[in-house]
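Q: What follows is target-v9.tsv; its format and atoms are TSV, N, CA and C atoms.
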chain	number	residue	atom	x	y	z
K	1	MET	N	37.15	-27.93	127.07
K	1	MET	CA	36.88	-26.82	126.18
K	1	MET	C	36.69	-25.52	126.95
K	2	LYS	N	36.02	-25.62	128.10
K	2	LYS	CA	35.78	-24.43	128.91
K	2	LYS	C	37.09	-23.85	129.41
K	3	LYS	N	38.03	-24.71	129.84
K	3	LYS	CA	39.33	-24.24	130.32
K	3	LYS	C	40.10	-23.55	129.19
K	4	PHE	N	39.97	-24.09	128.00
K	4	PHE	CA	40.64	-23.49	126.85
K	4	PHE	C	40.11	-22.08	126.58
K	5	LEU	N	38.79	-21.93	126.61
K	5	LEU	CA	38.18	-20.62	126.38
K	5	LEU	C	38.57	-19.62	127.46
K	6	VAL	N	38.60	-20.06	128.71
K	6	VAL	CA	39.00	-19.17	129.81
K	6	VAL	C	40.46	-18.75	129.61
K	7	ALA	N	41.30	-19.69	129.23
K	7	ALA	CA	42.72	-19.37	129.01
K	7	ALA	C	42.87	-18.38	127.86
K	8	MET	N	42.10	-18.55	126.80
K	8	MET	CA	42.16	-17.62	125.67
K	8	MET	C	41.72	-16.21	126.07
K	9	VAL	N	40.64	-16.11	126.81
K	9	VAL	CA	40.14	-14.80	127.25
K	9	VAL	C	41.16	-14.13	128.16
K	10	LEU	N	41.75	-14.88	129.08
K	10	LEU	CA	42.78	-14.31	129.96
K	10	LEU	C	43.99	-13.85	129.17
K	11	SER	N	44.42	-14.63	128.21
K	11	SER	CA	45.58	-14.26	127.39
K	11	SER	C	45.31	-12.97	126.62
K	12	ILE	N	44.14	-12.88	126.03
K	12	ILE	CA	43.80	-11.68	125.25
K	12	ILE	C	43.71	-10.47	126.16
K	13	SER	N	43.11	-10.62	127.34
K	13	SER	CA	42.99	-9.47	128.24
K	13	SER	C	44.35	-9.01	128.76
K	14	ILE	N	45.25	-9.94	128.99
K	14	ILE	CA	46.60	-9.56	129.43
K	14	ILE	C	47.34	-8.83	128.31
K	15	LEU	N	47.26	-9.35	127.11
K	15	LEU	CA	47.95	-8.72	125.98
K	15	LEU	C	47.42	-7.34	125.67
K	16	THR	N	46.14	-7.12	125.85
K	16	THR	CA	45.58	-5.81	125.51
K	16	THR	C	45.76	-4.79	126.62
K	17	THR	N	46.25	-5.19	127.79
K	17	THR	CA	46.45	-4.23	128.86
K	17	THR	C	47.92	-3.91	129.09
K	18	LEU	N	48.81	-4.40	128.24
K	18	LEU	CA	50.23	-4.07	128.37
K	18	LEU	C	50.42	-2.59	128.08
K	19	PRO	N	51.39	-1.94	128.73
K	19	PRO	CA	51.66	-0.54	128.42
K	19	PRO	C	52.13	-0.40	126.98
K	20	ALA	N	51.91	0.78	126.42
K	20	ALA	CA	52.22	1.00	125.01
K	20	ALA	C	53.68	0.70	124.68
K	21	SER	N	54.59	1.06	125.55
K	21	SER	CA	56.00	0.88	125.24
K	21	SER	C	56.45	-0.57	125.29
K	22	ALA	N	55.70	-1.44	125.94
K	22	ALA	CA	56.12	-2.82	126.07
K	22	ALA	C	56.16	-3.52	124.72
K	23	GLY	N	55.22	-3.26	123.85
K	23	GLY	CA	55.19	-3.91	122.56
K	23	GLY	C	55.27	-2.93	121.42
K	24	ALA	N	55.53	-1.68	121.74
K	24	ALA	CA	55.52	-0.64	120.71
K	24	ALA	C	56.76	-0.73	119.84
K	25	ALA	N	56.60	-0.29	118.62
K	25	ALA	CA	57.73	-0.25	117.70
K	25	ALA	C	57.70	1.09	116.97
K	26	ALA	N	58.76	1.84	117.11
K	26	ALA	CA	58.93	3.06	116.34
K	26	ALA	C	59.76	2.72	115.12
K	27	TRP	N	59.60	3.49	114.06
K	27	TRP	CA	60.30	3.25	112.81
K	27	TRP	C	60.93	4.54	112.32
K	28	LEU	N	62.09	4.43	111.71
K	28	LEU	CA	62.80	5.60	111.18
K	28	LEU	C	62.49	5.76	109.70
K	29	TRP	N	62.23	7.01	109.31
K	29	TRP	CA	61.91	7.29	107.91
K	29	TRP	C	62.26	8.74	107.59
K	30	SER	N	62.98	8.93	106.51
K	30	SER	CA	63.28	10.27	106.01
K	30	SER	C	62.56	10.47	104.68
K	31	ASN	N	61.90	11.60	104.54
K	31	ASN	CA	61.23	11.93	103.28
K	31	ASN	C	62.21	12.48	102.25
K	32	HIS	N	63.49	12.59	102.60
K	32	HIS	CA	64.48	13.24	101.74
K	32	HIS	C	65.47	12.24	101.13
K	33	GLY	N	65.10	11.00	101.05
K	33	GLY	CA	65.98	9.98	100.50
K	33	GLY	C	65.65	8.64	101.11
K	34	SER	N	66.50	7.68	100.92
K	34	SER	CA	66.22	6.33	101.41
K	34	SER	C	66.98	5.99	102.69
K	35	TRP	N	67.67	6.97	103.27
K	35	TRP	CA	68.44	6.76	104.50
K	35	TRP	C	68.06	7.82	105.53
K	36	THR	N	68.08	7.44	106.81
K	36	THR	CA	67.75	8.35	107.90
K	36	THR	C	69.02	8.66	108.69
K	37	PRO	N	69.32	9.95	108.93
K	37	PRO	CA	70.52	10.30	109.68
K	37	PRO	C	70.33	10.10	111.18
K	38	THR	N	71.36	9.59	111.84
K	38	THR	CA	71.37	9.51	113.30
K	38	THR	C	72.70	10.09	113.78
K	39	HIS	N	72.71	10.55	115.01
K	39	HIS	CA	73.89	11.21	115.59
K	39	HIS	C	74.31	10.44	116.83
K	40	THR	N	75.55	10.02	116.90
K	40	THR	CA	76.00	9.26	118.07
K	40	THR	C	76.62	10.13	119.15
K	41	SER	N	76.99	11.37	118.85
K	41	SER	CA	77.67	12.17	119.86
K	41	SER	C	76.78	13.19	120.57
K	42	CYS	N	75.74	13.72	119.91
K	42	CYS	CA	74.86	14.66	120.59
K	42	CYS	C	73.56	14.85	119.80
K	43	ALA	N	72.59	15.48	120.44
K	43	ALA	CA	71.29	15.74	119.81
K	43	ALA	C	71.31	17.13	119.18
K	44	SER	N	72.02	17.26	118.08
K	44	SER	CA	72.18	18.55	117.43
K	44	SER	C	72.69	18.34	116.02
K	45	VAL	N	72.31	19.24	115.13
K	45	VAL	CA	72.87	19.18	113.78
K	45	VAL	C	74.32	19.65	113.76
K	46	ALA	N	74.79	20.25	114.86
K	46	ALA	CA	76.20	20.63	114.97
K	46	ALA	C	77.09	19.39	115.05
K	47	CYS	N	76.54	18.30	115.56
K	47	CYS	CA	77.26	17.02	115.57
K	47	CYS	C	77.00	16.34	114.23
K	48	PRO	N	78.00	15.72	113.66
K	48	PRO	CA	77.78	15.11	112.35
K	48	PRO	C	76.81	13.94	112.43
K	49	ALA	N	76.03	13.79	111.38
K	49	ALA	CA	75.19	12.59	111.25
K	49	ALA	C	76.14	11.47	110.84
K	50	ASP	N	76.63	10.76	111.83
K	50	ASP	CA	77.71	9.81	111.57
K	50	ASP	C	77.23	8.37	111.38
K	51	TYR	N	75.95	8.15	111.44
K	51	TYR	CA	75.43	6.82	111.17
K	51	TYR	C	74.11	6.97	110.45
K	52	TRP	N	74.02	6.45	109.26
K	52	TRP	CA	72.80	6.53	108.44
K	52	TRP	C	72.20	5.15	108.37
K	53	VAL	N	70.91	5.05	108.65
K	53	VAL	CA	70.24	3.76	108.62
K	53	VAL	C	69.19	3.77	107.50
K	54	PRO	N	68.91	2.62	106.92
K	54	PRO	CA	67.91	2.58	105.85
K	54	PRO	C	66.54	2.97	106.38
K	55	ASN	N	65.75	3.64	105.55
K	55	ASN	CA	64.37	3.93	105.92
K	55	ASN	C	63.66	2.63	106.30
K	56	ASN	N	62.69	2.76	107.17
K	56	ASN	CA	61.89	1.64	107.66
K	56	ASN	C	62.68	0.73	108.60
K	57	THR	N	63.67	1.31	109.29
K	57	THR	CA	64.42	0.58	110.31
K	57	THR	C	63.71	0.75	111.65
K	58	LYS	N	63.56	-0.33	112.37
K	58	LYS	CA	62.94	-0.27	113.70
K	58	LYS	C	63.85	0.52	114.63
K	59	PHE	N	63.24	1.33	115.50
K	59	PHE	CA	63.99	2.16	116.44
K	59	PHE	C	63.46	1.94	117.85
K	60	ILE	N	64.34	1.56	118.75
K	60	ILE	CA	63.97	1.33	120.15
K	60	ILE	C	64.20	2.63	120.91
K	61	MET	N	63.11	3.33	121.20
K	61	MET	CA	63.19	4.62	121.87
K	61	MET	C	63.44	4.40	123.36
K	62	ARG	N	64.42	5.12	123.92
K	62	ARG	CA	64.72	5.02	125.35
K	62	ARG	C	64.31	6.27	126.12
K	63	CYS	N	64.50	7.45	125.52
K	63	CYS	CA	64.15	8.69	126.19
K	63	CYS	C	64.11	9.81	125.16
K	64	TYR	N	63.64	10.99	125.59
K	64	TYR	CA	63.60	12.14	124.69
K	64	TYR	C	64.26	13.33	125.36
K	65	MET	N	64.63	14.30	124.55
K	65	MET	CA	65.15	15.56	125.08
K	65	MET	C	64.75	16.68	124.12
K	66	ASP	N	64.56	17.84	124.68
K	66	ASP	CA	64.33	19.03	123.87
K	66	ASP	C	65.65	19.77	123.78
K	67	ALA	N	66.18	19.86	122.58
K	67	ALA	CA	67.50	20.44	122.36
K	67	ALA	C	67.42	21.40	121.17
K	68	GLN	N	68.38	21.34	120.28
K	68	GLN	CA	68.45	22.27	119.16
K	68	GLN	C	67.28	22.08	118.19
K	69	TRP	N	66.73	23.20	117.72
K	69	TRP	CA	65.71	23.15	116.68
K	69	TRP	C	66.37	22.71	115.39
K	70	ALA	N	65.69	21.83	114.69
K	70	ALA	CA	66.18	21.36	113.39
K	70	ALA	C	64.99	21.03	112.51
K	71	THR	N	65.25	20.94	111.23
K	71	THR	CA	64.20	20.57	110.29
K	71	THR	C	64.62	19.31	109.56
K	72	GLY	N	63.82	18.29	109.74
K	72	GLY	CA	64.00	17.03	109.01
K	72	GLY	C	62.78	16.87	108.12
K	73	ASN	N	61.87	15.99	108.54
K	73	ASN	CA	60.58	15.88	107.85
K	73	ASN	C	59.66	17.03	108.27
K	74	TYR	N	59.91	17.60	109.45
K	74	TYR	CA	59.23	18.81	109.93
K	74	TYR	C	60.15	19.48	110.95
K	75	SER	N	59.85	20.70	111.36
K	75	SER	CA	60.68	21.43	112.33
K	75	SER	C	60.28	21.10	113.75
K	76	SER	N	61.27	20.89	114.59
K	76	SER	CA	61.03	20.56	116.00
K	76	SER	C	62.34	20.68	116.77
K	77	ASN	N	62.24	20.82	118.09
K	77	ASN	CA	63.44	20.77	118.92
K	77	ASN	C	63.51	19.45	119.71
K	78	ARG	N	62.61	18.53	119.41
K	78	ARG	CA	62.56	17.24	120.12
K	78	ARG	C	63.47	16.22	119.44
K	79	TRP	N	64.24	15.53	120.25
K	79	TRP	CA	65.14	14.46	119.79
K	79	TRP	C	64.88	13.23	120.64
K	80	PHE	N	65.04	12.06	120.05
K	80	PHE	CA	64.91	10.81	120.79
K	80	PHE	C	66.26	10.11	120.83
K	81	ALA	N	66.54	9.49	121.95
K	81	ALA	CA	67.73	8.67	122.09
K	81	ALA	C	67.29	7.22	122.13
K	82	GLY	N	68.07	6.37	121.50
K	82	GLY	CA	67.72	4.96	121.50
K	82	GLY	C	68.64	4.18	120.58
K	83	TYR	N	68.14	3.03	120.13
K	83	TYR	CA	68.93	2.11	119.33
K	83	TYR	C	68.22	1.75	118.04
K	84	PRO	N	68.83	2.04	116.88
K	84	PRO	CA	68.27	1.48	115.64
K	84	PRO	C	68.48	-0.04	115.64
K	85	GLN	N	67.52	-0.74	115.05
K	85	GLN	CA	67.62	-2.20	114.99
K	85	GLN	C	68.93	-2.61	114.34
K	86	TYR	N	69.55	-3.65	114.88
K	86	TYR	CA	70.81	-4.21	114.39
K	86	TYR	C	72.01	-3.30	114.62
K	87	TYR	N	71.87	-2.31	115.50
K	87	TYR	CA	72.98	-1.41	115.78
K	87	TYR	C	73.03	-1.22	117.28
K	88	SER	N	74.12	-1.55	117.90
K	88	SER	CA	74.18	-1.56	119.36
K	88	SER	C	74.59	-0.23	119.99
K	89	ARG	N	74.88	0.75	119.19
K	89	ARG	CA	75.32	2.04	119.73
K	89	ARG	C	74.15	2.99	119.93
K	90	TYR	N	74.16	3.65	121.07
K	90	TYR	CA	73.14	4.64	121.41
K	90	TYR	C	73.20	5.78	120.40
K	91	THR	N	72.07	6.19	119.86
K	91	THR	CA	72.06	7.27	118.89
K	91	THR	C	70.96	8.27	119.21
K	92	TYR	N	71.09	9.46	118.68
K	92	TYR	CA	70.08	10.51	118.80
K	92	TYR	C	69.46	10.71	117.42
K	93	VAL	N	68.13	10.78	117.39
K	93	VAL	CA	67.41	10.93	116.14
K	93	VAL	C	66.41	12.07	116.28
K	94	HIS	N	66.39	12.96	115.29
K	94	HIS	CA	65.42	14.05	115.30
K	94	HIS	C	64.01	13.46	115.28
K	95	SER	N	63.11	14.04	116.05
K	95	SER	CA	61.76	13.48	116.20
K	95	SER	C	61.01	13.33	114.89
K	96	SER	N	61.30	14.17	113.92
K	96	SER	CA	60.56	14.11	112.65
K	96	SER	C	60.84	12.83	111.88
K	97	TYR	N	61.94	12.16	112.20
K	97	TYR	CA	62.28	10.92	111.51
K	97	TYR	C	61.72	9.69	112.22
K	98	VAL	N	61.12	9.88	113.38
K	98	VAL	CA	60.63	8.74	114.17
K	98	VAL	C	59.11	8.64	114.02
K	99	TYR	N	58.67	7.58	113.39
K	99	TYR	CA	57.24	7.34	113.20
K	99	TYR	C	56.75	6.33	114.22
K	100	TYR	N	55.49	6.44	114.57
K	100	TYR	CA	54.85	5.60	115.59
K	100	TYR	C	55.55	5.79	116.94
K	101	GLN	N	55.75	7.07	117.29
K	101	GLN	CA	56.38	7.41	118.57
K	101	GLN	C	55.48	6.93	119.72
K	102	TYR	N	56.12	6.50	120.78
K	102	TYR	CA	55.41	6.11	121.97
K	102	TYR	C	56.01	6.84	123.17
K	103	SER	N	55.36	6.76	124.29
K	103	SER	CA	55.77	7.50	125.47
K	103	SER	C	57.07	6.95	126.06
K	104	VAL	N	58.03	7.83	126.26
K	104	VAL	CA	59.29	7.49	126.93
K	104	VAL	C	59.63	8.63	127.89
K	105	PRO	N	60.46	8.36	128.90
K	105	PRO	CA	60.80	9.42	129.85
K	105	PRO	C	61.78	10.43	129.25
K	106	ARG	N	61.89	11.57	129.91
K	106	ARG	CA	62.90	12.57	129.54
K	106	ARG	C	64.27	11.99	129.86
K	107	CYS	N	65.26	12.27	129.02
K	107	CYS	CA	66.63	11.77	129.25
K	107	CYS	C	67.26	12.44	130.48
Now that the file is in, can you turn its structure into structure tokens?
A:
Amino acid sequence: MKKFLVAMVLSISILTTLPASAGAAAWLWSNHGSWTPTHTSCASVACPADYWVPNNTKFIMRCYMDAQWATGNYSSNRWFAGYPQYYSRYTYVHSSYVYYQYSVPRC
């Protein structure tokens, strides 16, 4: 029983000390409908939003960049690059559509 308790305490301490990005999950959400626009060619509204994902789609953030100012759910010049769940192509998403953002490096 003592070994079991020690193992449980060690497991919990390891899980609670993981970096935020290791288990973090960002989610895509647009307040302007049920789909969130993503851009596969560049981080700008000048590039067409050529892939729309359903709201509440998990987003794997890889990096961020400060580029063109745009207004989605709010105004910002921050964009994230990464992968929407179930989609293998790298996409750019305006920061206002990314909820539960976590720390990622600059692109």
Q: What's the separation between atom N of Trp52 in chain K and CA of Pro37 in chain K, in Å to one decimal place?
A: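 Pair atom N of Trp52 in chain K / CA of Pro37 in chain K returns 5.2 Å.
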Q: Go through K:Phe80, K:Trp29, K:Tyr90, K:Tyr97 and flag the residue nearest Tyr51 in chain K, using only C-alpha atoms for the distances.
A: K:Tyr90
Q: Between atom N of Ser76 in chain K and atom C of Thr57 in chain K, what is the distance, to one decimal in Å?
A: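 We find that atom N of Ser76 in chain K and atom C of Thr57 in chain K lie 20.5 Å from each other.
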Q: One number please: atom N of Ala46 in chain K to CA of Ser30 in chain K, in Å, one decimal.
A: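 Between these atoms lies a distance of 17.6 Å.
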Q: Which residues are close to Ala24 in chain K, i.e. within 8 Å by only N, CA and C atoms, leaving aside same-chain residues fewer than 5 positions away? Reply as a ChimeraX atom specification.
A: /K:19,59-61,100-102
Q: I want to know what sits within 5 Å of Lys58 in chain K, based on only N, CA and C atoms, with residues of the same chain fewer than 6 positions away left out; could you give that as a PDB file with N, CA and C atoms, in the coordinates of the input?
A:
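And here is the file that came out, around-v5.pdb:
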ATOM      1  N   ALA K  26      58.760   1.840 117.110  1.00  0.00           N
ATOM      2  CA  ALA K  26      58.930   3.060 116.340  1.00  0.00           C
ATOM      3  C   ALA K  26      59.760   2.720 115.120  1.00  0.00           C
ATOM      4  N   TRP K  27      59.600   3.490 114.060  1.00  0.00           N
ATOM      5  CA  TRP K  27      60.300   3.250 112.810  1.00  0.00           C
ATOM      6  C   TRP K  27      60.930   4.540 112.320  1.00  0.00           C
ATOM      7  N   PRO K  84      68.830   2.040 116.880  1.00  0.00           N
ATOM      8  CA  PRO K  84      68.270   1.480 115.640  1.00  0.00           C
ATOM      9  C   PRO K  84      68.480  -0.040 115.640  1.00  0.00           C
ATOM     10  N   GLN K  85      67.520  -0.740 115.050  1.00  0.00           N
ATOM     11  CA  GLN K  85      67.620  -2.200 114.990  1.00  0.00           C
ATOM     12  C   GLN K  85      68.930  -2.610 114.340  1.00  0.00           C
TER      13      GLN K  85
END
Q: So, with only C-alpha atoms as the atoms that count, which of K:Val53, K:Gln68, K:Arg89, K:Arg78 lies closest to Ser34 in chain K?
A: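 Ranking K:Val53, K:Gln68, K:Arg89, K:Arg78 by distance to Ser34 in chain K, first place goes to K:Val53.
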Q: Pick the closest to Ala43 in chain K from K:Asn56, K:Thr71, K:Asn77, K:Ser88: which is it, counting only C-alpha atoms?
A: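 Ranked by minimum distance to Ala43 in chain K, first place goes to K:Asn77.
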Q: Hey, could you pull the box centre and edge lengths for range 76-80 of chain K, axis-aligned, 8 Å padding per side, all listed atoms, to one decimal in Å, as AutoDock Vina command-line options?
A:
--center_x 63.6 --center_y 15.5 --center_z 117.7 --size_x 21.2 --size_y 26.8 --size_z 22.2
Q: Choose the residue, out of K:Pro54, K:Tyr92, K:His32, K:Ala25, that has the smallest atom-to-atom separation from Tyr74 in chain K; count only C-alpha atoms.
A: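 When distances to Tyr74 in chain K are compared using only C-alpha atoms, the smallest one comes from K:His32.
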Q: Nearest to Cys107 in chain K among K:Ala49, K:Met65, K:Ala70, K:Val93, with distances taken over only N, CA and C atoms: which residue is it?
A: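 Looking only at the distances to Cys107 in chain K, the closest residue turns out to be K:Met65.
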